[in-house]
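Shown below: protein_23.cif, with mmCIF, C-alpha atoms.
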```
data_my_file
loop_
_atom_site.label_atom_id
_atom_site.label_comp_id
_atom_site.auth_asym_id
_atom_site.auth_seq_id
_atom_site.Cartn_x
_atom_site.Cartn_y
_atom_site.Cartn_z
CA MET A 1 -18.84 -28.13 2.91
CA ASP A 2 -19.03 -29.59 -0.59
CA SER A 3 -16.36 -31.83 -2.09
CA ASN A 4 -15.12 -29.17 -4.53
CA ARG A 5 -14.24 -26.83 -1.67
CA MET A 6 -12.56 -29.62 0.26
CA GLU A 7 -10.41 -30.33 -2.80
CA THR A 8 -9.55 -26.63 -2.97
CA VAL A 9 -8.54 -26.66 0.70
CA LYS A 10 -6.25 -29.64 0.07
CA ARG A 11 -4.72 -28.00 -2.98
CA VAL A 12 -4.12 -24.64 -1.29
CA THR A 13 -2.72 -26.27 1.85
CA SER A 14 -0.40 -28.49 -0.20
CA ALA A 15 0.79 -25.53 -2.29
CA ILE A 16 1.45 -23.20 0.63
CA THR A 17 3.46 -25.84 2.49
CA GLY A 18 5.44 -26.76 -0.63
CA ALA A 19 8.39 -25.17 -2.40
CA PRO A 20 8.20 -21.89 -4.33
CA SER A 21 8.45 -21.93 -8.10
CA ARG A 22 10.18 -19.60 -10.55
CA ILE A 23 7.75 -17.12 -12.09
CA ALA A 24 7.93 -14.87 -15.16
CA ILE A 25 4.95 -12.61 -15.96
CA ARG A 26 4.80 -10.12 -18.83
CA GLY A 27 2.25 -7.73 -20.35
CA ALA A 28 0.61 -6.63 -17.11
CA ARG A 29 -0.76 -3.36 -15.84
CA LYS A 30 1.04 -3.02 -12.51
CA ILE A 31 -0.74 -1.33 -9.61
CA ASP A 32 0.81 -0.94 -6.19
CA ALA A 33 1.34 1.85 -3.68
CA ARG A 34 4.07 3.33 -5.88
CA GLY A 35 1.73 3.84 -8.82
CA VAL A 36 0.66 2.38 -12.15
CA ARG A 37 2.93 1.06 -14.92
CA GLU A 38 1.82 -0.35 -18.26
CA HIS A 39 3.51 -3.23 -20.14
CA PHE A 40 4.99 -4.38 -16.87
CA TRP A 41 6.94 -7.59 -16.35
CA LEU A 42 8.19 -9.38 -13.28
CA THR A 43 10.34 -12.39 -12.44
CA SER A 44 10.73 -14.20 -9.15
CA ALA A 45 12.74 -17.07 -7.69
CA ASP A 46 12.89 -18.65 -4.24
CA GLY A 47 9.71 -16.84 -3.28
CA VAL A 48 11.18 -13.35 -3.83
CA ILE A 49 10.77 -10.89 -6.70
CA ALA A 50 14.03 -10.92 -8.66
CA ALA A 51 13.49 -8.20 -11.26
CA THR A 52 10.81 -5.91 -12.70
CA GLY A 53 10.58 -3.56 -15.66
CA THR A 54 8.95 -2.65 -18.95
CA ASP A 55 11.78 -3.20 -21.46
CA GLU A 56 11.43 -6.49 -23.39
CA GLU A 57 15.16 -7.07 -23.82
CA GLU A 58 15.64 -6.69 -20.09
CA PHE A 59 12.80 -9.17 -19.56
CA GLU A 60 14.60 -11.81 -21.62
CA HIS A 61 17.78 -11.29 -19.60
CA ALA A 62 15.80 -11.45 -16.34
CA CYS A 63 14.22 -14.75 -17.42
CA ARG A 64 17.58 -16.31 -18.24
CA SER A 65 18.99 -15.18 -14.89
CA ILE A 66 16.44 -17.42 -13.11
CA ALA A 67 16.85 -20.30 -15.61
CA ILE A 68 13.68 -19.66 -17.62
CA ASP A 69 13.96 -19.72 -21.41
CA PRO A 70 12.23 -16.51 -22.62
CA ALA A 71 11.25 -18.34 -25.81
CA ASP A 72 9.42 -21.07 -23.89
CA ASP A 73 5.80 -19.95 -23.94
CA THR A 74 4.89 -22.69 -21.49
CA ARG A 75 7.01 -21.01 -18.82
CA ILE A 76 6.00 -17.38 -19.47
CA ILE A 77 2.68 -16.03 -18.14
CA ASP A 78 1.18 -13.48 -20.52
CA ALA A 79 -0.98 -11.19 -18.39
CA ALA A 80 -2.56 -9.75 -21.56
CA GLY A 81 -3.28 -6.43 -19.87
CA ARG A 82 -4.64 -7.84 -16.63
CA LEU A 83 -3.85 -6.05 -13.38
CA LEU A 84 -0.83 -7.24 -11.43
CA THR A 85 -0.94 -6.24 -7.76
CA PRO A 86 0.69 -7.39 -4.55
CA GLY A 87 -1.22 -10.02 -2.61
CA TYR A 88 -3.75 -8.69 -0.14
CA VAL A 89 -2.93 -8.65 3.59
CA ASP A 90 -5.85 -8.95 6.04
CA ILE A 91 -4.92 -8.09 9.61
CA HIS A 92 -8.40 -8.59 11.09
CA ALA A 93 -10.47 -11.62 10.02
CA HIS A 94 -12.02 -14.51 11.94
CA GLY A 95 -12.77 -17.13 9.29
CA SER A 96 -14.55 -18.25 6.13
CA TRP A 97 -16.02 -21.32 4.45
CA GLU A 98 -17.92 -22.36 7.61
CA ARG A 99 -14.81 -22.38 9.81
CA SER A 100 -13.13 -19.89 12.10
CA PHE A 101 -9.50 -19.53 13.13
CA ASP A 102 -10.64 -20.66 16.60
CA ASP A 103 -11.47 -24.12 15.19
CA GLY A 104 -8.03 -25.72 15.46
CA PRO A 105 -5.57 -26.73 12.72
CA GLU A 106 -8.21 -27.92 10.27
CA GLY A 107 -10.28 -24.78 10.80
CA ILE A 108 -7.24 -22.62 10.09
CA ASP A 109 -6.52 -24.51 6.86
CA ILE A 110 -10.12 -24.25 5.65
CA ALA A 111 -10.62 -20.60 6.56
CA ARG A 112 -7.28 -19.66 5.01
CA ALA A 113 -8.19 -21.39 1.74
CA GLY A 114 -11.44 -19.43 1.58
CA HIS A 115 -9.57 -16.15 1.74
CA ALA A 116 -6.54 -17.23 -0.29
CA VAL A 117 -8.49 -18.03 -3.46
CA HIS A 118 -9.87 -14.49 -3.34
CA GLY A 119 -6.42 -12.92 -3.18
CA THR A 120 -5.62 -12.62 0.53
CA THR A 121 -2.11 -14.05 0.50
CA ARG A 122 -1.25 -13.22 4.13
CA GLN A 123 -3.50 -13.16 7.14
CA VAL A 124 -3.42 -12.30 10.81
CA CYS A 125 -5.85 -14.79 12.38
CA SER A 126 -8.34 -13.02 14.64
CA LEU A 127 -9.58 -14.98 17.65
CA ILE A 128 -12.90 -14.23 19.30
CA THR A 129 -13.50 -13.73 23.04
CA ASN A 130 -13.66 -17.06 24.89
CA PRO A 131 -12.69 -18.35 28.33
CA ILE A 132 -8.99 -17.66 28.92
CA ASP A 133 -8.01 -21.33 28.71
CA VAL A 134 -9.69 -21.63 25.32
CA MET A 135 -8.07 -18.45 24.05
CA CYS A 136 -4.65 -19.73 25.12
CA GLU A 137 -5.21 -22.99 23.24
CA ASN A 138 -6.31 -21.07 20.15
CA LEU A 139 -3.18 -18.93 20.36
CA ARG A 140 -1.05 -22.07 20.46
CA ASN A 141 -2.83 -23.42 17.37
CA VAL A 142 -2.07 -20.26 15.41
CA ARG A 143 1.54 -20.38 16.58
CA ALA A 144 1.82 -23.96 15.28
CA ALA A 145 0.25 -22.95 11.96
CA MET A 146 2.95 -20.31 11.48
CA ASP A 147 5.58 -23.04 11.63
CA ARG A 148 4.08 -24.92 8.69
CA ARG A 149 2.67 -22.24 6.40
CA PRO A 150 4.05 -18.78 5.51
CA ASP A 151 0.66 -17.21 4.84
CA VAL A 152 -0.28 -17.14 8.55
CA LEU A 153 1.31 -14.04 10.07
CA GLY A 154 0.20 -14.60 13.65
CA SER A 155 -2.84 -13.90 15.77
CA HIS A 156 -5.07 -11.02 16.77
CA LEU A 157 -7.02 -11.22 20.02
CA GLU A 158 -10.29 -9.33 19.71
CA GLY A 159 -11.02 -9.66 23.39
CA PRO A 160 -11.38 -10.46 26.20
CA PHE A 161 -10.40 -6.96 27.32
CA LEU A 162 -13.38 -5.10 25.86
CA ALA A 163 -15.92 -2.65 27.29
CA LEU A 164 -19.20 -4.32 28.21
CA ALA A 165 -21.13 -1.40 26.71
CA ARG A 166 -19.31 -1.84 23.37
CA LYS A 167 -18.94 -5.62 23.32
CA GLY A 168 -20.69 -6.12 19.97
CA ALA A 169 -20.93 -9.87 19.30
CA HIS A 170 -18.55 -10.91 22.09
CA ASP A 171 -19.71 -13.10 24.97
CA PRO A 172 -20.20 -10.80 27.99
CA GLU A 173 -19.52 -13.69 30.39
CA CYS A 174 -15.95 -13.93 29.08
CA LEU A 175 -14.97 -10.24 29.22
CA ARG A 176 -12.16 -9.44 31.64
CA ASP A 177 -10.08 -6.59 33.02
CA PRO A 178 -6.51 -6.98 31.66
CA VAL A 179 -4.72 -7.54 34.94
CA PRO A 180 -0.99 -8.37 34.63
CA GLU A 181 -1.51 -12.09 35.32
CA LEU A 182 -3.86 -12.44 32.33
CA VAL A 183 -1.56 -10.43 30.09
CA GLU A 184 1.31 -12.78 30.89
CA ARG A 185 -0.81 -15.91 30.34
CA LEU A 186 -1.78 -14.78 26.86
CA LEU A 187 1.75 -13.73 25.95
CA ASP A 188 3.14 -17.05 27.13
CA ALA A 189 0.57 -19.02 25.13
CA ALA A 190 1.23 -16.98 21.99
CA ASP A 191 4.99 -17.58 22.22
CA GLY A 192 5.83 -14.56 20.09
CA SER A 193 3.00 -14.99 17.58
CA LEU A 194 0.58 -12.37 18.93
CA ARG A 195 0.50 -9.46 16.49
CA GLN A 196 -2.28 -7.28 17.86
CA ILE A 197 -4.82 -7.22 20.66
CA THR A 198 -7.90 -5.02 20.90
CA ILE A 199 -8.24 -3.32 24.30
CA ALA A 200 -10.68 -0.82 25.76
CA PRO A 201 -8.19 1.61 27.33
CA GLU A 202 -10.66 2.87 29.95
CA LEU A 203 -10.71 -0.50 31.75
CA PRO A 204 -9.05 -0.32 35.20
CA HIS A 205 -5.86 -1.97 33.92
CA GLY A 206 -6.31 -0.93 30.28
CA ILE A 207 -3.46 1.56 29.94
CA ASP A 208 -1.10 -0.65 31.92
CA ALA A 209 -1.95 -3.64 29.70
CA ILE A 210 -1.38 -1.63 26.52
CA GLY A 211 2.09 -0.79 27.78
CA ARG A 212 2.84 -4.40 28.72
CA PHE A 213 1.73 -5.79 25.35
CA ALA A 214 3.62 -3.08 23.46
CA ALA A 215 6.78 -3.85 25.44
CA ALA A 216 6.40 -7.50 24.38
CA GLY A 217 6.35 -6.57 20.68
CA VAL A 218 2.57 -6.71 20.23
CA VAL A 219 0.69 -3.82 18.56
CA PRO A 220 -2.26 -3.05 20.86
CA ALA A 221 -5.40 -1.65 19.26
CA VAL A 222 -7.92 0.75 20.75
CA GLY A 223 -11.40 -0.58 20.10
CA HIS A 224 -14.64 -2.04 21.45
CA CYS A 225 -14.36 0.81 23.89
CA ASP A 226 -16.31 3.57 25.58
CA ALA A 227 -13.24 5.81 25.67
CA ASP A 228 -13.39 9.53 25.15
CA TYR A 229 -10.81 11.54 23.19
CA ASP A 230 -8.38 11.98 26.08
CA MET A 231 -8.49 8.34 27.12
CA ALA A 232 -7.91 7.20 23.54
CA LYS A 233 -4.90 9.52 23.32
CA ARG A 234 -3.55 7.97 26.51
CA GLY A 235 -3.92 4.57 24.91
CA PHE A 236 -1.98 5.60 21.82
CA ASP A 237 0.71 7.27 23.92
CA ALA A 238 1.00 4.07 25.96
CA GLY A 239 1.79 2.09 22.82
CA ALA A 240 -1.43 1.32 20.91
CA GLY A 241 -0.82 1.53 17.17
CA ILE A 242 -4.19 0.57 15.66
CA ILE A 243 -7.82 1.60 15.96
CA THR A 244 -10.01 -1.49 15.55
CA HIS A 245 -12.60 -1.17 12.76
CA MET A 246 -13.03 2.59 13.04
CA PHE A 247 -16.62 3.79 13.59
CA ASN A 248 -17.77 0.38 14.84
CA ALA A 249 -18.04 -0.45 18.57
CA MET A 250 -16.88 2.96 19.80
CA ASN A 251 -18.12 6.48 20.45
CA GLY A 252 -18.88 8.24 17.18
CA LEU A 253 -17.89 11.69 15.97
CA HIS A 254 -19.53 14.51 17.92
CA HIS A 255 -18.63 18.18 17.82
CA ARG A 256 -18.42 18.50 21.62
CA GLU A 257 -17.50 14.90 22.46
CA PRO A 258 -14.91 13.98 19.83
CA GLY A 259 -14.26 10.46 21.08
CA PRO A 260 -11.47 8.10 19.94
CA ILE A 261 -11.71 8.64 16.19
CA PRO A 262 -10.03 12.10 16.07
CA ALA A 263 -7.40 10.84 18.50
CA ALA A 264 -6.48 8.10 16.02
CA VAL A 265 -6.68 10.34 12.97
CA GLU A 266 -4.37 12.94 14.50
CA ASP A 267 -1.71 10.43 15.50
CA PRO A 268 0.70 9.48 12.67
CA ARG A 269 1.68 6.33 14.56
CA VAL A 270 -1.80 4.80 14.26
CA THR A 271 -3.15 2.50 11.53
CA ILE A 272 -6.87 2.93 10.96
CA GLU A 273 -8.88 -0.21 10.21
CA ILE A 274 -12.08 0.17 8.22
CA ILE A 275 -14.62 -2.42 7.04
CA ASN A 276 -15.57 -1.36 3.51
CA ASP A 277 -18.71 -3.44 2.97
CA GLY A 278 -21.26 -0.62 2.85
CA PHE A 279 -23.02 -2.17 5.86
CA HIS A 280 -20.73 -1.85 8.88
CA VAL A 281 -19.88 1.63 7.62
CA GLN A 282 -22.09 3.21 4.99
CA ASP A 283 -20.44 4.53 1.86
CA PRO A 284 -20.44 8.28 2.68
CA MET A 285 -18.63 7.53 5.94
CA VAL A 286 -16.19 5.15 4.26
CA ARG A 287 -15.26 7.90 1.80
CA LEU A 288 -14.96 10.41 4.65
CA GLY A 289 -12.95 8.05 6.84
CA PHE A 290 -10.65 6.98 4.03
CA GLY A 291 -9.68 10.60 3.50
CA PHE A 292 -8.90 11.20 7.17
CA ALA A 293 -5.48 9.56 7.15
CA PRO A 294 -3.89 9.00 3.73
CA HIS A 295 -1.54 5.98 3.63
CA ARG A 296 -2.61 4.94 7.15
CA THR A 297 -5.99 3.36 6.40
CA ALA A 298 -6.09 -0.44 6.12
CA PHE A 299 -9.04 -2.30 4.70
CA VAL A 300 -9.97 -5.22 6.97
CA THR A 301 -12.79 -7.71 6.65
CA ASP A 302 -13.65 -8.81 10.22
CA ALA A 303 -14.86 -11.84 8.24
CA MET A 304 -16.60 -14.64 10.14
CA ALA A 305 -17.17 -18.30 9.28
CA ALA A 306 -20.11 -17.46 7.01
CA THR A 307 -17.85 -15.60 4.58
CA ASP A 308 -18.28 -16.78 0.98
CA CYS A 309 -21.11 -19.05 2.14
CA PRO A 310 -24.92 -19.06 1.75
CA ASP A 311 -27.20 -17.23 4.15
CA GLY A 312 -28.28 -19.19 7.21
CA PRO A 313 -27.38 -20.04 10.83
CA TYR A 314 -23.74 -19.96 11.97
CA LYS A 315 -21.67 -19.68 15.15
CA LEU A 316 -19.38 -16.90 16.33
CA GLY A 317 -17.54 -18.48 19.22
CA THR A 318 -20.38 -19.95 21.28
CA LEU A 319 -22.95 -17.40 20.09
CA ASP A 320 -25.65 -18.10 17.51
CA VAL A 321 -25.56 -15.92 14.40
CA ASN A 322 -28.01 -15.62 11.53
CA VAL A 323 -26.86 -14.36 8.12
CA VAL A 324 -29.47 -12.67 5.90
CA ASP A 325 -28.52 -11.05 2.59
CA GLY A 326 -24.87 -11.53 3.53
CA HIS A 327 -25.24 -9.59 6.80
CA ALA A 328 -24.45 -11.39 10.06
CA ARG A 329 -26.33 -10.58 13.26
CA LEU A 330 -26.57 -12.24 16.68
CA VAL A 331 -29.76 -14.22 17.13
CA SER A 332 -30.01 -13.04 20.76
CA ASN A 333 -30.13 -9.28 20.24
CA GLY A 334 -29.61 -8.46 16.57
CA ALA A 335 -26.14 -6.98 17.07
CA ILE A 336 -23.84 -7.02 14.03
CA ALA A 337 -21.69 -10.14 14.33
CA GLY A 338 -18.66 -9.68 12.14
CA SER A 339 -18.90 -9.55 8.37
CA THR A 340 -18.91 -11.78 5.31
CA LEU A 341 -16.54 -9.45 3.46
CA LEU A 342 -13.50 -10.44 1.39
CA LEU A 343 -10.61 -8.05 0.72
CA GLU A 344 -11.18 -8.71 -2.97
CA VAL A 345 -14.63 -7.14 -2.57
CA ALA A 346 -13.37 -4.29 -0.37
CA VAL A 347 -10.85 -3.25 -3.02
CA ARG A 348 -13.40 -3.61 -5.82
CA ARG A 349 -15.95 -1.50 -3.92
CA ALA A 350 -13.36 1.18 -3.22
CA VAL A 351 -12.60 1.60 -6.92
CA THR A 352 -15.94 0.94 -8.61
CA VAL A 353 -18.42 2.23 -6.00
CA LEU A 354 -16.59 4.83 -3.93
CA GLY A 355 -14.40 6.33 -6.63
CA ILE A 356 -11.16 5.80 -4.70
CA SER A 357 -8.11 5.63 -6.95
CA PRO A 358 -6.86 2.10 -7.75
CA VAL A 359 -3.45 2.96 -6.30
CA ASP A 360 -4.93 4.07 -2.98
CA ALA A 361 -7.34 1.13 -2.83
CA VAL A 362 -4.59 -1.40 -3.45
CA GLU A 363 -2.32 0.32 -0.91
CA ALA A 364 -5.06 -0.02 1.74
CA ALA A 365 -5.11 -3.80 1.23
CA THR A 366 -1.36 -4.36 0.84
CA LEU A 367 1.36 -1.97 1.97
CA THR A 368 -0.55 -0.24 4.76
CA PRO A 369 -1.54 -3.39 6.66
CA ALA A 370 1.95 -4.84 6.09
CA ARG A 371 3.55 -1.69 7.48
CA THR A 372 1.47 -1.92 10.67
CA PHE A 373 3.67 -4.79 11.89
CA GLY A 374 6.90 -3.83 10.15
CA TYR A 375 6.37 -6.33 7.34
CA ASP A 376 7.07 -3.65 4.73
CA ARG A 377 10.78 -4.29 5.36
CA PRO A 378 12.87 -7.43 5.91
CA ASN A 379 11.76 -9.13 9.11
CA PRO A 380 11.95 -12.46 10.96
CA VAL A 381 8.35 -13.48 10.20
CA THR A 382 8.05 -13.05 6.43
CA GLY A 383 11.72 -12.73 5.56
CA ALA A 384 11.26 -10.62 2.46
CA PRO A 385 9.08 -7.52 2.88
CA LEU A 386 5.44 -7.41 1.78
CA GLY A 387 3.27 -4.88 -0.01
CA LEU A 388 5.05 -3.79 -3.21
CA LEU A 389 5.94 -5.21 -6.62
CA ALA A 390 9.65 -4.48 -6.48
CA PRO A 391 12.89 -6.50 -6.42
CA GLY A 392 13.55 -8.02 -3.01
CA TYR A 393 9.89 -8.09 -1.99
CA ALA A 394 8.00 -11.33 -1.42
CA ALA A 395 6.48 -12.86 -4.55
CA ASP A 396 2.93 -12.34 -3.31
CA LEU A 397 1.17 -11.68 -6.59
CA LEU A 398 -2.36 -11.32 -7.94
CA LEU A 399 -3.50 -11.24 -11.56
CA THR A 400 -6.88 -9.50 -11.57
CA ASP A 401 -9.51 -8.67 -14.18
CA PRO A 402 -9.26 -4.94 -14.99
CA GLU A 403 -13.02 -4.52 -15.40
CA THR A 404 -14.46 -6.55 -12.53
CA TRP A 405 -11.48 -6.58 -10.16
CA ALA A 406 -12.09 -10.32 -9.75
CA VAL A 407 -8.92 -12.09 -8.64
CA GLY A 408 -7.72 -14.72 -11.11
CA GLU A 409 -4.30 -16.18 -10.34
CA VAL A 410 -2.73 -16.04 -6.87
CA TRP A 411 0.81 -16.64 -5.61
CA CYS A 412 2.08 -16.41 -2.02
CA ALA A 413 5.87 -16.37 -1.59
CA GLY A 414 6.18 -17.86 -5.08
CA ARG A 415 3.70 -20.67 -4.35
CA LYS A 416 0.70 -20.79 -6.68
CA LEU A 417 -2.51 -21.00 -4.69
CA LYS A 418 -4.97 -20.47 -7.55
#
```

Represent the structure from my file as C-alpha cells, please.
Amino acid sequence: MDSNRMETVKRVTSAITGAPSRIAIRGARKIDARGVREHFWLTSADGVIAATGTDEEEFEHACRSIAIDPADDTRIIDAAGRLLTPGYVDIHAHGSWERSFDDGPEGIDIARAGHAVHGTTRQVCSLITNPIDVMCENLRNVRAAMDRRPDVLGSHLEGPFLALARKGAHDPECLRDPVPELVERLLDAADGSLRQITIAPELPHGIDAIGRFAAAGVVPAVGHCDADYDMAKRGFDAGAGIITHMFNAMNGLHHREPGPIPAAVEDPRVTIEIINDGFHVQDPMVRLGFGFAPHRTAFVTDAMAATDCPDGPYKLGTLDVNVVDGHARLVSNGAIAGSTLLLEVAVRRAVTVLGISPVDAVEAATLTPARTFGYDRPNPVTGAPLGLLAPGYAADLLLTDPETWAVGEVWCAGRKLK
C-alpha cells in the first residue's frame, strides 16, 4: 500500500476515535428515504443532528443554539447545491485496500478507511469461512474494534454453516454443520457483537441453529444454500431475517421450483441483500429484484480486499483469487470470489444506469440496512438512530456531487472522515 493511503488510514482512524465536532451545512439538496428537499440546512452537535430546515432565519437560530456564529463563514459549510444524504451502511463486506476484516486490528482499520472515504460511514464486518478457532479470534477482534470506533457495528459470519454445493469462494474443508456446541462457541467469542450469520437451513442442524442464533439477538440469514421454497420458509419462520446476496449462491427462480427467493420476497420480515455491480447480478435482474420488495432491499457490496485496488492476485481467507477488470474469481475453479464494489458505486449505478429513483437508491444504502438490526431507532450500539437526515439521528452525513454521485465530504457521528 502506498504512503498516501497509509496517511489516509491514520487520518480516518484518528478522526473516528476522536471527539465529534459541531456542524452547520446550508444550501444542500437533501435526499433520504423521506424524500427530496431543496435549499436544505442542517446542524449537529455531540454527533447527533440538532435541527434541519429550509428557512434561513431558522438556520441562524439553529447555529446559535450550538454556539456557531451564523455570520462566521469559516464555520458554515455551503453545500452550493450538492446532495446531502445520510452516510451509507454496508451490512455485508469483507475488506478493501488489500486488507480484510479477518486481518486483525490493523486490517480492520485499513479496510474501514477504504470504505469510509467513499461514504460508507457504518459497517458490519463480514468474516470469511475459516477453522473455528480462527473465526472465534476474528470475532474477538471485531468486538474489540467496536469498543474503540463507532463506525464498526459488529460482525457477520458468512460461514462456516454453508451448503457444499453452494459454497462459492468458501473453503470446503472448513464447512460445518451448525451443531449446538459450535453455535455456542461462536456466540461466546462474539460477546454480543455478532449481527448476522449466513446459514444454509437445509443442513441437519440448520433450522435449530437459526433459532438459537435468533434467540441470542443475532439476525440469521438464509444463503449459500440448496434450499427449496418450503425449507427457506422454515428458515424465515425459525427467525432468519435476511437473504444473503439474493440470486447468488442459491437456487434461482423457476416456475415449478420456486426456491428461496420467493420465500424471502413474500415475507415482510426479511431484508433482501443485492450486489448491484452489474456482474454478480446483471442489470435486468437487479431492476427486477429491486422491485420485488420496496423498502426491504439493501444494497451490499460483498467487497473483498481487492476493493478500490488494481487488478492482480489477492487472497480470500486462505484461497487464491485473481482480479481481472475489477472482477474477482478463485484461481482454483473460476468461481466468483466476492466483489470489488463500493456502496458509492452501487448507489450511483442505481440512479444513473438502472433508472432507480434517487430516494429509493439512497434508502437501499442507508435506512433499509440500518433497519435490519434495529438501528433506525435509538439503540445500545449506535445510540442515536441511523438512516435519515432528521433531528435526533446520528450525524452521519455525505456531501455528494449531483452529477457524478461521487462522495465528497464524509462525517460519521459528527467526526469528519474526509

Original post:
Can you list, as number ranges by chain, every protein, DNA or RNA residue that comes within 8 Å of range 329-338 of chain A when you count all atoms listed in the file, leaving out same-chain residues fewer than 2 positions away?
Top reply: A: 168-169, 280, 302-304, 316, 319-323, 327, 340

Closest atom pairs, range 119-151 of chain A residues within 10 Å of range 379-394 of chain A, all atoms listed in the file, as a Markdown table:
```
| residue | atom | partner | partner_atom | distance |
| --- | --- | --- | --- | --- |
| A:Arg122 | CA | A:Leu386 | CA | 9.2 |
| A:Met146 | CA | A:Val381 | CA | 8.8 |
| A:Pro150 | CA | A:Thr382 | CA | 7.0 |
| A:Asp151 | CA | A:Thr382 | CA | 8.6 |
```

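If you measure from each of A:Asp191, A:Glu158, A:Glu344, A:Asp55 to Asn130 in chain A using only C-alpha atoms, the closest one turns out to be A:Glu158.
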
**OP:** Please write as a ChimeraX atom specification the full residue list that the PyMOL selection byres ((chain A and resi 396) around 7) yields on this file.
**Re:** /A:86-87,121,394-395,397,411-414

**OP:** Apply the PyMOL selection byres ((chain A and resi 171) around 8) to the structure shown and report the selected residues as a PyMOL selection string.
**Re:** chain A and resi 129-130+167+169-170+172-175+318-319

Subject >> Sphere at (9.0, -1.4, -13.7), radius 10 Å, counting all atoms listed in the file: residues as JSON, numbers by chain >> reply: {"A": [30, 36, 37, 38, 39, 40, 41, 42, 51, 52, 53, 54, 55, 389, 390, 391]}

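CA of Leu343 in chain A is found 8.2 Å from CA of His115 in chain A.
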
**OP:** Just say which residues the PyMOL selection byres ((chain A and resi 21) around 12) picks in this file, as a PyMOL selection string.
**Re:** chain A and resi 15-16+18-20+22-24+43-49+66-68+75+395+411-417

**OP:** Mind checking which residues fall within 7 Å of range 192-209 of chain A, counting only C-alpha atoms, ignoring those fewer than 6 positions away in the same chain, and posting them as a list in words?
**Re:** Arg143, Gly154, Ser155, His156, Leu157, Glu158, Gly159, Phe161, Leu162, Ala163, Asp177, Pro178, Val179, Pro180, Val183, Val218, Val219, Pro220, Ala221, Val222, Gly223, His224, Cys225, Ala227, Met231, Ala232, Gly235, Ala238 and Thr244 of chain A

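Picture a line from CA of Ser65 in chain A to CA of Ala28 in chain A; it runs 20.4 Å.
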
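Closest approach to Leu367 in chain A from the set A:Asp78, A:Gly95, A:Val89, A:Val270 is made by A:Val89, with distances taken over only C-alpha atoms.
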
Original post:
Distance CA of Glu266 in chain A-CA of Lys233 in chain A, one decimal place?
Top reply: 9.5 Å

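For the choices A:Ala365, A:Ile108, A:Val152, A:Met1, the atom-to-atom distance to Asp90 in chain A is smallest for A:Ala365 when using only C-alpha atoms.
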
Subject >> Residue contacts of Arg287 in chain A (7 Å, only C-alpha atoms) excluding same-chain residues fewer than 4 positions away, as a PyMOL selection string >> reply: chain A and resi 283+291+354

Just the selected residues (C-alpha atoms), exported as an mmCIF file, keeping the file's coordinate frame, please.
```cif
data_model
loop_
_atom_site.group_PDB
_atom_site.id
_atom_site.type_symbol
_atom_site.label_atom_id
_atom_site.label_comp_id
_atom_site.auth_asym_id
_atom_site.auth_seq_id
_atom_site.Cartn_x
_atom_site.Cartn_y
_atom_site.Cartn_z
ATOM 1 C CA ASP A 283 -20.440 4.530 1.860
ATOM 2 C CA GLY A 291 -9.680 10.600 3.500
ATOM 3 C CA LEU A 354 -16.590 4.830 -3.930
#
```

**OP:** Might you pull out every residue within 6 Å of Thr85 in chain A, with only C-alpha atoms counted and same-chain residues fewer than 5 positions away left off, and present them as a list in words?
**Re:** Ile31, Asp32, Leu397 and Leu398 of chain A

Subject >> Nearest-residue call for Val117 in chain A, choices A:Leu342, A:Ala216, A:Pro378, A:Ile274, using all atoms listed in the file >> reply: A:Leu342
